[in-house]
>>> print(open('my_file_22.cif').read())   # mmCIF, C-alpha atoms
data_target
loop_
_atom_site.label_atom_id
_atom_site.label_comp_id
_atom_site.auth_asym_id
_atom_site.auth_seq_id
_atom_site.Cartn_x
_atom_site.Cartn_y
_atom_site.Cartn_z
CA MET A 19 -1.77 92.38 -3.02
CA LYS A 20 -4.79 90.78 -1.34
CA GLU A 21 -6.97 93.23 -3.23
CA LEU A 22 -5.46 92.37 -6.60
CA GLN A 23 -5.79 88.70 -5.80
CA LYS A 24 -9.49 89.19 -5.10
CA LYS A 25 -9.93 90.90 -8.47
CA ALA A 26 -8.11 88.10 -10.29
CA VAL A 27 -10.17 85.45 -8.51
CA ALA A 28 -13.41 87.31 -9.24
CA PHE A 29 -12.43 87.50 -12.91
CA ARG A 30 -11.90 83.75 -12.93
CA ASP A 31 -15.13 82.95 -11.12
CA GLU A 32 -17.30 85.25 -13.27
CA ARG A 33 -16.15 83.13 -16.23
CA ASN A 34 -16.58 79.83 -14.42
CA TRP A 35 -12.95 78.99 -15.07
CA GLN A 36 -12.08 77.45 -11.71
CA GLN A 37 -12.73 74.02 -13.27
CA PHE A 38 -9.72 74.55 -15.59
CA HIS A 39 -7.44 76.21 -13.04
CA LYS A 40 -5.57 73.17 -11.75
CA PRO A 41 -2.22 74.14 -10.22
CA LYS A 42 -0.19 72.27 -12.87
CA ASP A 43 -1.93 74.09 -15.71
CA LEU A 44 -1.60 77.39 -13.87
CA ALA A 45 2.14 76.85 -13.40
CA LEU A 46 2.38 75.97 -17.09
CA SER A 47 0.47 79.15 -17.94
CA LEU A 48 2.68 81.32 -15.76
CA SER A 49 5.69 79.88 -17.58
CA LEU A 50 4.09 80.77 -20.95
CA GLU A 51 3.44 84.34 -19.83
CA ALA A 52 7.04 84.64 -18.64
CA SER A 53 8.08 83.62 -22.15
CA GLU A 54 5.84 86.25 -23.70
CA LEU A 55 7.56 88.84 -21.53
CA LEU A 56 10.96 87.49 -22.55
CA GLU A 57 9.95 87.56 -26.22
CA LEU A 58 9.80 91.36 -26.02
CA PHE A 59 13.60 91.27 -25.64
CA GLN A 60 14.29 88.72 -28.41
CA TRP A 61 16.97 89.93 -30.86
CA LYS A 62 17.05 93.26 -29.04
CA THR A 63 19.24 95.22 -26.69
CA ASP A 64 17.70 96.50 -23.48
CA GLU A 65 17.46 99.95 -25.00
CA GLU A 66 15.68 98.75 -28.13
CA ALA A 67 13.23 96.62 -26.15
CA LEU A 68 12.34 99.42 -23.75
CA ALA A 69 11.88 101.91 -26.55
CA GLU A 70 9.73 99.63 -28.70
CA ASN A 71 7.74 97.58 -26.21
CA HIS A 72 7.16 99.41 -22.93
CA GLN A 73 3.36 99.09 -23.00
CA ASP A 74 3.55 95.40 -23.89
CA MET A 75 6.00 94.89 -21.02
CA GLN A 76 3.45 96.26 -18.59
CA ASP A 77 0.83 93.89 -19.93
CA GLU A 78 3.00 90.77 -19.94
CA LEU A 79 4.51 91.48 -16.54
CA ALA A 80 0.99 91.95 -15.21
CA ASP A 81 -0.11 88.61 -16.68
CA VAL A 82 2.79 86.88 -14.93
CA VAL A 83 1.79 88.29 -11.55
CA ILE A 84 -1.91 87.61 -12.13
CA TYR A 85 -1.07 83.93 -12.60
CA ALA A 86 1.13 84.04 -9.51
CA LEU A 87 -1.84 85.37 -7.52
CA LEU A 88 -4.11 82.65 -8.93
CA ILE A 89 -1.59 79.91 -8.13
CA ALA A 90 -1.24 81.22 -4.59
CA GLU A 91 -5.00 81.08 -4.20
CA ALA A 92 -5.29 77.59 -5.70
CA THR A 93 -2.50 76.14 -3.57
CA ASN A 94 -3.22 77.94 -0.28
CA ILE A 95 -0.04 79.98 -0.30
CA ASP A 96 0.13 83.36 1.43
CA LEU A 97 2.16 85.16 -1.22
CA TYR A 98 3.16 88.06 1.00
CA ASP A 99 4.59 85.73 3.65
CA ALA A 100 6.20 83.52 1.01
CA ILE A 101 8.05 86.49 -0.48
CA GLU A 102 9.20 87.82 2.91
CA ASN A 103 10.47 84.37 3.86
CA LYS A 104 12.18 83.83 0.53
CA ILE A 105 14.04 87.13 0.72
CA LYS A 106 15.35 86.01 4.13
CA LYS A 107 16.37 82.60 2.73
CA ASN A 108 18.07 84.25 -0.24
CA GLY A 109 20.01 86.34 2.27
CA LEU A 110 21.44 83.17 3.79
CA LYS A 111 22.33 81.80 0.35
CA TYR A 112 23.91 85.07 -0.72
CA PRO A 113 25.54 86.70 2.34
CA VAL A 114 26.48 90.31 1.62
CA GLU A 115 30.19 89.88 2.30
CA LYS A 116 30.48 86.99 -0.18
CA ALA A 117 27.96 87.97 -2.83
CA SER A 118 28.66 91.66 -3.10
CA GLY A 119 29.43 92.61 -6.69
CA SER A 120 29.48 88.96 -7.78
CA ARG A 121 27.22 87.36 -10.36
CA VAL A 122 28.02 83.72 -9.50
CA LYS A 123 25.43 81.24 -8.23
CA TYR A 124 25.35 80.53 -4.50
CA THR A 125 26.57 76.99 -5.16
CA GLU A 126 29.85 78.48 -6.37
CA LEU A 127 30.26 81.30 -3.86
CA MET B 22 3.39 95.37 -2.82
CA LYS B 23 5.39 98.61 -2.64
CA GLU B 24 6.82 97.38 0.65
CA LEU B 25 7.91 94.04 -0.81
CA GLN B 26 9.41 95.83 -3.77
CA LYS B 27 11.45 98.00 -1.40
CA LYS B 28 12.77 94.90 0.35
CA ALA B 29 13.71 93.25 -2.94
CA VAL B 30 15.46 96.40 -4.14
CA ALA B 31 17.30 96.78 -0.82
CA PHE B 32 18.46 93.15 -1.09
CA ARG B 33 19.82 93.88 -4.57
CA ASP B 34 21.52 97.11 -3.57
CA GLU B 35 23.17 95.69 -0.44
CA ARG B 36 24.89 93.21 -2.77
CA ASN B 37 25.74 95.79 -5.38
CA TRP B 38 23.88 93.80 -8.00
CA GLN B 39 22.19 96.65 -9.85
CA GLN B 40 25.06 96.53 -12.37
CA PHE B 41 23.88 93.04 -13.46
CA HIS B 42 20.14 93.70 -13.33
CA LYS B 43 19.53 94.73 -16.91
CA PRO B 44 15.89 94.24 -17.91
CA LYS B 45 16.69 91.55 -20.49
CA ASP B 46 18.61 89.45 -17.97
CA LEU B 47 15.87 90.02 -15.38
CA ALA B 48 13.20 88.82 -17.82
CA LEU B 49 15.38 85.82 -18.62
CA SER B 50 15.74 85.14 -14.88
CA LEU B 51 12.02 85.41 -14.28
CA SER B 52 11.49 82.85 -17.03
CA LEU B 53 14.01 80.50 -15.36
CA GLU B 54 12.24 80.82 -12.00
CA ALA B 55 8.90 80.09 -13.68
CA SER B 56 10.47 76.90 -15.02
CA GLU B 57 11.68 75.93 -11.56
CA LEU B 58 8.13 76.30 -10.32
CA LEU B 59 6.85 74.23 -13.23
CA GLU B 60 9.48 71.55 -12.56
CA LEU B 61 7.74 70.79 -9.25
CA PHE B 62 4.87 69.40 -11.35
CA GLN B 63 7.00 67.40 -13.81
CA TRP B 64 5.84 63.78 -14.14
CA LYS B 65 3.27 64.41 -11.40
CA THR B 66 -0.43 64.89 -10.95
CA ASP B 67 -1.61 67.98 -9.12
CA GLU B 68 -2.22 65.91 -6.02
CA GLU B 69 1.26 64.38 -6.03
CA ALA B 70 2.94 67.72 -6.59
CA LEU B 71 1.02 69.45 -3.81
CA ALA B 72 1.68 66.62 -1.37
CA GLU B 73 5.40 66.41 -2.14
CA ASN B 74 6.46 69.96 -2.90
CA HIS B 75 4.31 72.53 -1.11
CA GLN B 76 7.20 74.30 0.64
CA ASP B 77 9.23 74.44 -2.58
CA MET B 78 6.20 75.86 -4.37
CA GLN B 79 6.10 78.75 -1.93
CA ASP B 80 9.78 79.43 -2.52
CA GLU B 81 9.66 79.24 -6.30
CA LEU B 82 6.46 81.25 -6.58
CA ALA B 83 8.06 83.88 -4.35
CA ASP B 84 11.15 84.00 -6.58
CA VAL B 85 8.95 84.61 -9.61
CA VAL B 86 7.22 87.57 -7.98
CA ILE B 87 10.49 88.95 -6.58
CA TYR B 88 11.83 89.13 -10.14
CA ALA B 89 8.57 90.72 -11.28
CA LEU B 90 9.03 93.41 -8.64
CA LEU B 91 12.64 93.98 -9.71
CA ILE B 92 11.68 94.21 -13.38
CA ALA B 93 8.96 96.71 -12.55
CA GLU B 94 11.51 98.82 -10.68
CA ALA B 95 14.10 98.58 -13.45
CA THR B 96 11.66 99.49 -16.21
CA ASN B 97 9.60 102.13 -14.40
CA ILE B 98 6.41 100.13 -14.35
CA ASP B 99 3.83 100.63 -11.61
CA LEU B 100 2.96 96.99 -11.09
CA TYR B 101 -0.27 97.66 -9.20
CA ASP B 102 -1.62 99.86 -12.00
CA ALA B 103 -0.36 97.46 -14.66
CA ILE B 104 -2.27 94.56 -13.09
CA GLU B 105 -5.47 96.56 -12.65
CA ASN B 106 -5.30 97.69 -16.27
CA LYS B 107 -4.52 94.22 -17.54
CA ILE B 108 -7.46 92.66 -15.73
CA LYS B 109 -9.68 95.24 -17.47
CA LYS B 110 -8.11 94.47 -20.86
CA ASN B 111 -8.52 90.75 -20.29
CA GLY B 112 -12.18 91.44 -19.59
CA LEU B 113 -12.55 92.90 -23.07
CA LYS B 114 -10.74 89.93 -24.63
CA TYR B 115 -12.82 87.45 -22.67
CA PRO B 116 -16.34 88.87 -22.21
CA VAL B 117 -18.30 86.88 -19.62
CA GLU B 118 -21.08 85.86 -21.99
CA LYS B 119 -18.66 84.39 -24.52
CA ALA B 120 -15.90 83.02 -22.30
CA SER B 121 -17.98 81.50 -19.53
CA GLY B 122 -17.05 77.86 -19.03
CA SER B 123 -14.85 77.86 -22.15
CA ARG B 124 -11.13 77.13 -22.25
CA VAL B 125 -10.49 78.45 -25.77
CA LYS B 126 -8.19 81.35 -26.54
CA TYR B 127 -9.75 84.75 -27.19
CA THR B 128 -8.65 84.58 -30.83
CA GLU B 129 -11.06 81.66 -31.27
CA LEU B 130 -13.95 82.89 -29.15
CA MET C 21 18.38 61.16 -36.58
CA LYS C 22 16.38 57.91 -36.76
CA GLU C 23 19.32 56.17 -35.11
CA LEU C 24 19.50 58.66 -32.25
CA GLN C 25 15.75 58.38 -31.81
CA LYS C 26 16.08 54.60 -31.49
CA LYS C 27 18.72 55.03 -28.80
CA ALA C 28 16.57 57.50 -26.87
CA VAL C 29 13.54 55.22 -27.10
CA ALA C 30 15.60 52.19 -26.02
CA PHE C 31 16.86 54.19 -23.02
CA ARG C 32 13.27 54.97 -22.07
CA ASP C 33 12.03 51.42 -22.52
CA GLU C 34 14.88 49.80 -20.56
CA ARG C 35 13.72 51.91 -17.61
CA ASN C 36 10.05 51.24 -18.17
CA TRP C 37 9.37 54.95 -18.43
CA GLN C 38 6.88 54.93 -21.28
CA GLN C 39 4.09 55.00 -18.69
CA PHE C 40 5.23 58.52 -17.63
CA HIS C 41 6.02 59.83 -21.11
CA LYS C 42 2.71 61.45 -21.96
CA PRO C 43 3.11 64.13 -24.63
CA LYS C 44 2.09 66.96 -22.29
CA ASP C 45 4.70 66.00 -19.70
CA LEU C 46 7.30 65.53 -22.45
CA ALA C 47 6.59 69.01 -23.84
CA LEU C 48 6.83 70.38 -20.30
CA SER C 49 10.16 68.56 -19.87
CA LEU C 50 11.53 69.88 -23.14
CA SER C 51 10.66 73.39 -21.96
CA LEU C 52 12.52 72.77 -18.68
CA GLU C 53 15.62 71.56 -20.53
CA ALA C 54 15.49 74.62 -22.79
CA SER C 55 15.55 76.72 -19.61
CA GLU C 56 18.56 74.84 -18.30
CA LEU C 57 20.36 75.65 -21.52
CA LEU C 58 19.32 79.29 -21.22
CA GLU C 59 20.49 79.41 -17.59
CA LEU C 60 24.06 78.92 -18.83
CA PHE C 61 23.79 82.44 -20.29
CA GLN C 62 22.17 84.09 -17.23
CA TRP C 63 24.00 87.28 -16.15
CA LYS C 64 26.64 86.58 -18.80
CA THR C 65 27.78 87.85 -22.14
CA ASP C 66 28.08 85.36 -24.98
CA GLU C 67 31.83 85.32 -24.52
CA GLU C 68 31.65 84.60 -20.79
CA ALA C 69 29.06 81.86 -21.24
CA LEU C 70 31.04 80.11 -23.97
CA ALA C 71 34.28 80.30 -22.02
CA GLU C 72 32.75 79.02 -18.76
CA ASN C 73 30.07 76.56 -19.84
CA HIS C 74 30.85 74.92 -23.17
CA GLN C 75 30.64 71.34 -21.89
CA ASP C 76 27.37 72.04 -20.07
CA MET C 77 26.00 73.59 -23.26
CA GLN C 78 26.62 70.36 -25.13
CA ASP C 79 24.80 68.41 -22.42
CA GLU C 80 21.80 70.71 -22.17
CA LEU C 81 21.44 71.11 -25.91
CA ALA C 82 21.55 67.32 -26.21
CA ASP C 83 18.82 66.96 -23.58
CA VAL C 84 16.61 69.34 -25.54
CA VAL C 85 16.95 67.31 -28.73
CA ILE C 86 16.54 63.99 -26.89
CA TYR C 87 13.15 65.19 -25.66
CA ALA C 88 12.30 66.39 -29.15
CA LEU C 89 13.03 62.89 -30.45
CA LEU C 90 10.88 61.33 -27.72
CA ILE C 91 8.00 63.70 -28.41
CA ALA C 92 8.19 62.92 -32.10
CA GLU C 93 8.00 59.21 -31.30
CA ALA C 94 5.13 59.64 -28.83
CA THR C 95 3.05 61.78 -31.18
CA ASN C 96 3.80 60.04 -34.47
CA ILE C 97 5.70 62.91 -36.00
CA ASP C 98 8.41 62.33 -38.59
CA LEU C 99 10.87 64.88 -37.31
CA TYR C 100 12.96 64.99 -40.47
CA ASP C 101 9.93 65.77 -42.63
CA ALA C 102 8.58 68.23 -40.07
CA ILE C 103 11.83 70.21 -40.13
CA GLU C 104 12.06 70.23 -43.93
CA ASN C 105 8.46 71.41 -44.18
CA LYS C 106 8.91 74.05 -41.50
CA ILE C 107 11.97 75.53 -43.19
CA LYS C 108 9.85 75.89 -46.33
CA LYS C 109 7.01 77.51 -44.39
CA ASN C 110 9.44 79.88 -42.69
CA GLY C 111 10.65 80.84 -46.14
CA LEU C 112 7.14 82.00 -47.03
CA LYS C 113 6.84 83.95 -43.77
CA TYR C 114 10.25 85.54 -44.23
CA PRO C 115 10.86 86.08 -47.96
CA VAL C 116 14.51 86.92 -48.63
CA GLU C 117 13.81 90.30 -50.22
CA LYS C 118 11.81 91.51 -47.22
CA ALA C 119 13.57 89.81 -44.34
CA SER C 120 17.17 90.28 -45.38
CA GLY C 121 19.13 91.97 -42.60
CA SER C 122 15.97 92.62 -40.59
CA ARG C 123 15.26 91.32 -37.09
CA VAL C 124 11.52 92.10 -37.07
CA LYS C 125 8.84 89.46 -36.75
CA TYR C 126 7.03 88.34 -39.88
CA THR C 127 3.83 89.94 -38.63
CA GLU C 128 5.55 93.33 -38.96
CA LEU C 129 7.46 92.77 -42.19
CA MET D 29 21.08 65.79 -39.17
CA LYS D 30 24.06 67.43 -40.87
CA GLU D 31 21.90 67.92 -43.93
CA LEU D 32 19.13 69.62 -41.97
CA GLN D 33 21.69 71.79 -40.25
CA LYS D 34 23.02 72.88 -43.63
CA LYS D 35 19.51 73.85 -44.72
CA ALA D 36 18.90 75.84 -41.53
CA VAL D 37 22.24 77.62 -41.88
CA ALA D 38 21.57 78.39 -45.55
CA PHE D 39 18.17 79.84 -44.60
CA ARG D 40 19.87 82.08 -42.04
CA ASP D 41 22.65 83.20 -44.40
CA GLU D 42 20.31 83.96 -47.32
CA ARG D 43 18.61 86.44 -45.00
CA ASN D 44 21.85 87.84 -43.62
CA TRP D 45 20.76 86.97 -40.12
CA GLN D 46 24.05 85.70 -38.76
CA GLN D 47 24.64 89.16 -37.27
CA PHE D 48 21.65 88.61 -34.94
CA HIS D 49 22.32 84.97 -34.14
CA LYS D 50 24.37 85.34 -30.98
CA PRO D 51 24.28 82.17 -28.87
CA LYS D 52 22.47 83.89 -25.97
CA ASP D 53 19.69 85.13 -28.23
CA LEU D 54 19.50 81.74 -29.93
CA ALA D 55 19.14 79.98 -26.57
CA LEU D 56 16.47 82.50 -25.63
CA SER D 57 14.70 81.82 -28.95
CA LEU D 58 14.84 78.07 -28.47
CA SER D 59 13.22 78.54 -25.06
CA LEU D 60 10.45 80.63 -26.65
CA GLU D 61 9.78 77.95 -29.27
CA ALA D 62 9.65 75.30 -26.54
CA SER D 63 6.97 77.43 -24.87
CA GLU D 64 4.99 77.65 -28.09
CA LEU D 65 5.04 73.87 -28.27
CA LEU D 66 3.95 73.65 -24.64
CA GLU D 67 1.15 76.16 -25.26
CA LEU D 68 -0.53 73.61 -27.52
CA PHE D 69 -1.19 71.57 -24.35
CA GLN D 70 -2.40 74.47 -22.17
CA TRP D 71 -5.75 73.73 -20.47
CA LYS D 72 -5.90 70.45 -22.39
CA THR D 73 -5.53 66.75 -21.82
CA ASP D 74 -3.11 64.85 -24.03
CA GLU D 75 -6.00 63.53 -26.06
CA GLU D 76 -7.51 66.96 -26.65
CA ALA D 77 -4.18 68.49 -27.60
CA LEU D 78 -3.33 65.72 -30.07
CA ALA D 79 -6.76 65.85 -31.66
CA GLU D 80 -6.81 69.64 -32.02
CA ASN D 81 -3.21 70.58 -32.68
CA HIS D 82 -1.24 67.84 -34.40
CA GLN D 83 -0.13 69.96 -37.36
CA ASP D 84 0.93 72.82 -35.08
CA MET D 85 2.88 70.33 -32.96
CA GLN D 86 4.91 69.32 -36.00
CA ASP D 87 5.68 72.96 -36.75
CA GLU D 88 6.62 73.96 -33.22
CA LEU D 89 8.68 70.83 -32.60
CA ALA D 90 10.49 71.52 -35.86
CA ASP D 91 11.22 75.12 -34.79
CA VAL D 92 12.74 73.84 -31.54
CA VAL D 93 15.11 71.51 -33.39
CA ILE D 94 15.96 74.12 -36.02
CA TYR D 95 17.17 76.42 -33.24
CA ALA D 96 19.08 73.53 -31.69
CA LEU D 97 20.86 73.01 -35.02
CA LEU D 98 21.65 76.72 -35.28
CA ILE D 99 22.99 76.85 -31.71
CA ALA D 100 25.17 73.82 -32.39
CA GLU D 101 26.59 75.57 -35.45
CA ALA D 102 27.14 78.87 -33.64
CA THR D 103 28.88 77.26 -30.66
CA ASN D 104 30.88 74.58 -32.46
CA ILE D 105 29.00 71.66 -30.98
CA ASP D 106 28.72 68.37 -32.85
CA LEU D 107 25.10 67.66 -32.00
CA TYR D 108 25.23 63.98 -32.94
CA ASP D 109 28.18 63.33 -30.63
CA ALA D 110 26.67 65.48 -27.89
CA ILE D 111 23.46 63.42 -27.92
CA GLU D 112 25.29 60.09 -27.95
CA ASN D 113 27.45 61.22 -25.03
CA LYS D 114 24.50 62.59 -23.09
CA ILE D 115 22.53 59.37 -23.42
CA LYS D 116 25.54 57.57 -21.91
CA LYS D 117 25.79 60.10 -19.07
CA ASN D 118 22.07 59.82 -18.41
CA GLY D 119 22.58 56.06 -18.15
CA LEU D 120 25.01 56.62 -15.28
CA LYS D 121 22.62 59.01 -13.54
CA TYR D 122 19.69 56.64 -14.00
CA PRO D 123 20.97 53.06 -13.77
CA VAL D 124 18.34 50.59 -14.96
CA GLU D 125 18.12 48.67 -11.69
CA LYS D 126 17.41 51.82 -9.67
CA ALA D 127 15.42 53.91 -12.13
CA SER D 128 13.18 51.25 -13.60
CA GLY D 129 9.54 52.26 -13.27
CA SER D 130 10.43 55.27 -11.10
CA ARG D 131 9.68 58.91 -11.90
CA VAL D 132 11.98 60.44 -9.25
CA LYS D 133 14.95 62.65 -10.09
CA TYR D 134 18.42 61.08 -10.01
CA THR D 135 19.30 63.20 -6.98
CA GLU D 136 16.69 61.27 -5.02
CA LEU D 137 17.27 57.78 -6.43
#
>>> encode(input="my_file_22.cif", output="structure tokens")
Amino acid sequence: MKELQKKAVAFRDERNWQQFHKPKDLALSLSLEASELLELFQWKTDEEALAENHQDMQDELADVVIYALLIAEATNIDLYDAIENKIKKNGLKYPVEKASGSRVKYTEL
Amino acid sequence: MKELQKKAVAFRDERNWQQFHKPKDLALSLSLEASELLELFQWKTDEEALAENHQDMQDELADVVIYALLIAEATNIDLYDAIENKIKKNGLKYPVEKASGSRVKYTEL
Amino acid sequence: MKELQKKAVAFRDERNWQQFHKPKDLALSLSLEASELLELFQWKTDEEALAENHQDMQDELADVVIYALLIAEATNIDLYDAIENKIKKNGLKYPVEKASGSRVKYTEL
Amino acid sequence: MKELQKKAVAFRDERNWQQFHKPKDLALSLSLEASELLELFQWKTDEEALAENHQDMQDELADVVIYALLIAEATNIDLYDAIENKIKKNGLKYPVEKASGSRVKYTEL
């Protein structure tokens, strides 16, 4: 993950883009890439989307994570630690005995 | 990254949630988490958002990447390879000599 | 529509919020409200979502349009004209004879 | 508003698209259009976005409201009433004396 982050940051710096990469615009951009991923499923079943758009899915999913790596860099977040901690927090919000087999939000568990 | 993906998948399977984790709903969920991250910047400057919401940023950014890892698992995408390939593709869309210091989209370069 | 726009603008001005209502933050806010509407369908079929969340749907859909009215006001757009014109444009992108019964994007028609 | 809704519904029915227009996919589509509107502000100040993209803003804002009208039709929501009611509800969440000149969320007022 650190290695991919370095590549993404190098890509940015080679193009002298750090001046544009304010956290708010990066978060906005990540949201736009998430929408491009979601668009691959518009009007489609899972099966149709996977059959028609698997290469595009790889590209859009990658763009989402590239922005996540750039946001982490720009806001001094250790993404690995953040994910480990969040999985633990999610475990407290969704304890196995209550959440098992249920799709409801933790506020309604 | 593989290690984090294993943890995210284990979390899902302990709760018997694989039945809900269709790719379309996962992509929808990733988009919702991206919006929750973006919400931390709503009505705020970068400075205000970072001062007020840094811990929440870690959590929301983590949720975005957790869903990216789950989508990759559900759709048989090697996320590491996908990101490496996408950075190369982006390099072709935004060659250094043209894109340096410019914020315009590749379609207008 | 003009009448609803007046109410939304009056609501804003009574609270002295015009200072915050820059178009970029309004567009960001509209996107967040669209996500809150979409969240009502997360992990659910259409039938489940309609049965469980119909009142919330009214509220979230209303919030989306309220922001659309505020953006129109802030950017000097006549929303009625814009919609009429866009329906005409969409008709050129999706001519009946080609688009009938098809879910593909106009770029692939 | 009723008139615009009739035009949007006629557009849909001429193309025999009602079969695709499930509420979940419509909500997803509205979210995508909201992102296209937001994209017009990506990497830009308000001034830059308005100067460069005013016609596109009209089109994207129109698409957002067209989907809102279609969702209202598909889910039996009277959009006019929903907006009137929501403005009243928002008034309770953001009373003038507390919310005046403040950008904080009602949960923190």
>>> resolve_selection(input="my_file_22.cif", expression="the PyMOL selection byres ((chain D and resi 86-101) around 7)", output="list in words")
Leu81, Val85, Ala88, Ile97, Leu99, Ala102, Ile103 and Lys106 of chain C; Gln33, Ala36, Val37, Pro51, Leu54, Leu58, Glu61, Ala62, Glu64, Leu65, His82, Gln83, Asp84, Met85, Ala102, Thr103, Asn104, Ile105, Asp106 and Leu107 of chain D
>>> residues_around(input="my_file_22.cif", residues="Gly119 in chain D", least_positions_apart="6", cutoff="10 Å", atoms="all atoms listed in the file", output="PyMOL selection string")
(chain C and resi 31+35) or (chain D and resi 113+127)
>>> write_last_selection(input="my_file_22.cif", atoms="C-alpha atoms", output="PDB file, in the coordinates of the input")
ATOM      1  CA  PHE C  31      16.860  54.190 -23.020  1.00  0.00           C
ATOM      2  CA  ARG C  35      13.720  51.910 -17.610  1.00  0.00           C
TER       3      ARG C  35
ATOM      4  CA  ASN D 113      27.450  61.220 -25.030  1.00  0.00           C
ATOM      5  CA  ALA D 127      15.420  53.910 -12.130  1.00  0.00           C
TER       6      ALA D 127
END
>>> atom_distance(input="my_file_22.cif", atom1="CA of Asn37 in chain B", atom2="CA of Trp63 in chain C")
13.8 Å
>>> residues_around(input="my_file_22.cif", residues="Tyr101 in chain B", least_positions_apart="6", cutoff="9 Å", atoms="all atoms listed in the file", output="PyMOL selection string")
(chain A and resi 19+22+80) or (chain B and resi 22-23)
>>> interface_residues(input="my_file_22.cif", of="chain C", to="chain B", cutoff="10 Å", atoms="only C-alpha atoms", output="ChimeraX atom specification")
/C:40-42,44-46,48-49,51-56,58-59,61-64
>>> atom_distance(input="my_file_22.cif", atom1="CA of Arg121 in chain A", atom2="CA of Asp66 in chain C")
14.8 Å
>>> atom_distance(input="my_file_22.cif", atom1="CA of Asn118 in chain D", atom2="CA of Lys26 in chain C")
15.3 Å
>>> residues_around(input="my_file_22.cif", residues="Tyr122 in chain D", least_positions_apart="4", cutoff="10 Å", atoms="all atoms listed in the file", output="ChimeraX atom specification")
/C:31,35 /D:116-118,126-128,130,132-135,137
>>> decode(input="my_file_22.cif", residues="range 92-103 of chain C", atoms="N, CA and C atoms", output="mmCIF file, in the first residue's frame")
data_model
loop_
_atom_site.group_PDB
_atom_site.id
_atom_site.type_symbol
_atom_site.label_atom_id
_atom_site.label_comp_id
_atom_site.auth_asym_id
_atom_site.auth_seq_id
_atom_site.Cartn_x
_atom_site.Cartn_y
_atom_site.Cartn_z
ATOM 1 N N ALA C 92 -30.231 26.968 -8.726
ATOM 2 C CA ALA C 92 -30.761 27.741 -9.847
ATOM 3 C C ALA C 92 -30.766 29.226 -9.499
ATOM 4 N N GLU C 93 -31.199 29.544 -8.292
ATOM 5 C CA GLU C 93 -31.235 30.945 -7.871
ATOM 6 C C GLU C 93 -29.817 31.524 -7.825
ATOM 7 N N ALA C 94 -28.902 30.765 -7.246
ATOM 8 C CA ALA C 94 -27.536 31.270 -7.043
ATOM 9 C C ALA C 94 -26.751 31.416 -8.341
ATOM 10 N N THR C 95 -27.159 30.693 -9.380
ATOM 11 C CA THR C 95 -26.389 30.714 -10.623
ATOM 12 C C THR C 95 -27.188 31.328 -11.774
ATOM 13 N N ASN C 96 -28.310 31.947 -11.429
ATOM 14 C CA ASN C 96 -29.115 32.598 -12.471
ATOM 15 C C ASN C 96 -29.585 31.653 -13.569
ATOM 16 N N ILE C 97 -30.091 30.523 -13.139
ATOM 17 C CA ILE C 97 -30.640 29.566 -14.099
ATOM 18 C C ILE C 97 -32.155 29.554 -13.945
ATOM 19 N N ASP C 98 -32.872 29.642 -15.069
ATOM 20 C CA ASP C 98 -34.320 29.461 -15.041
ATOM 21 C C ASP C 98 -34.574 27.962 -15.146
ATOM 22 N N LEU C 99 -34.945 27.369 -14.016
ATOM 23 C CA LEU C 99 -35.002 25.912 -13.954
ATOM 24 C C LEU C 99 -36.072 25.346 -14.885
ATOM 25 N N TYR C 100 -37.199 26.054 -14.986
ATOM 26 C CA TYR C 100 -38.258 25.577 -15.867
ATOM 27 C C TYR C 100 -37.757 25.498 -17.321
ATOM 28 N N ASP C 101 -37.164 26.575 -17.777
ATOM 29 C CA ASP C 101 -36.617 26.585 -19.145
ATOM 30 C C ASP C 101 -35.527 25.527 -19.328
ATOM 31 N N ALA C 102 -34.664 25.415 -18.312
ATOM 32 C CA ALA C 102 -33.562 24.457 -18.411
ATOM 33 C C ALA C 102 -34.086 23.036 -18.596
ATOM 34 N N ILE C 103 -35.157 22.706 -17.854
ATOM 35 C CA ILE C 103 -35.712 21.351 -17.955
ATOM 36 C C ILE C 103 -36.380 21.144 -19.319
#
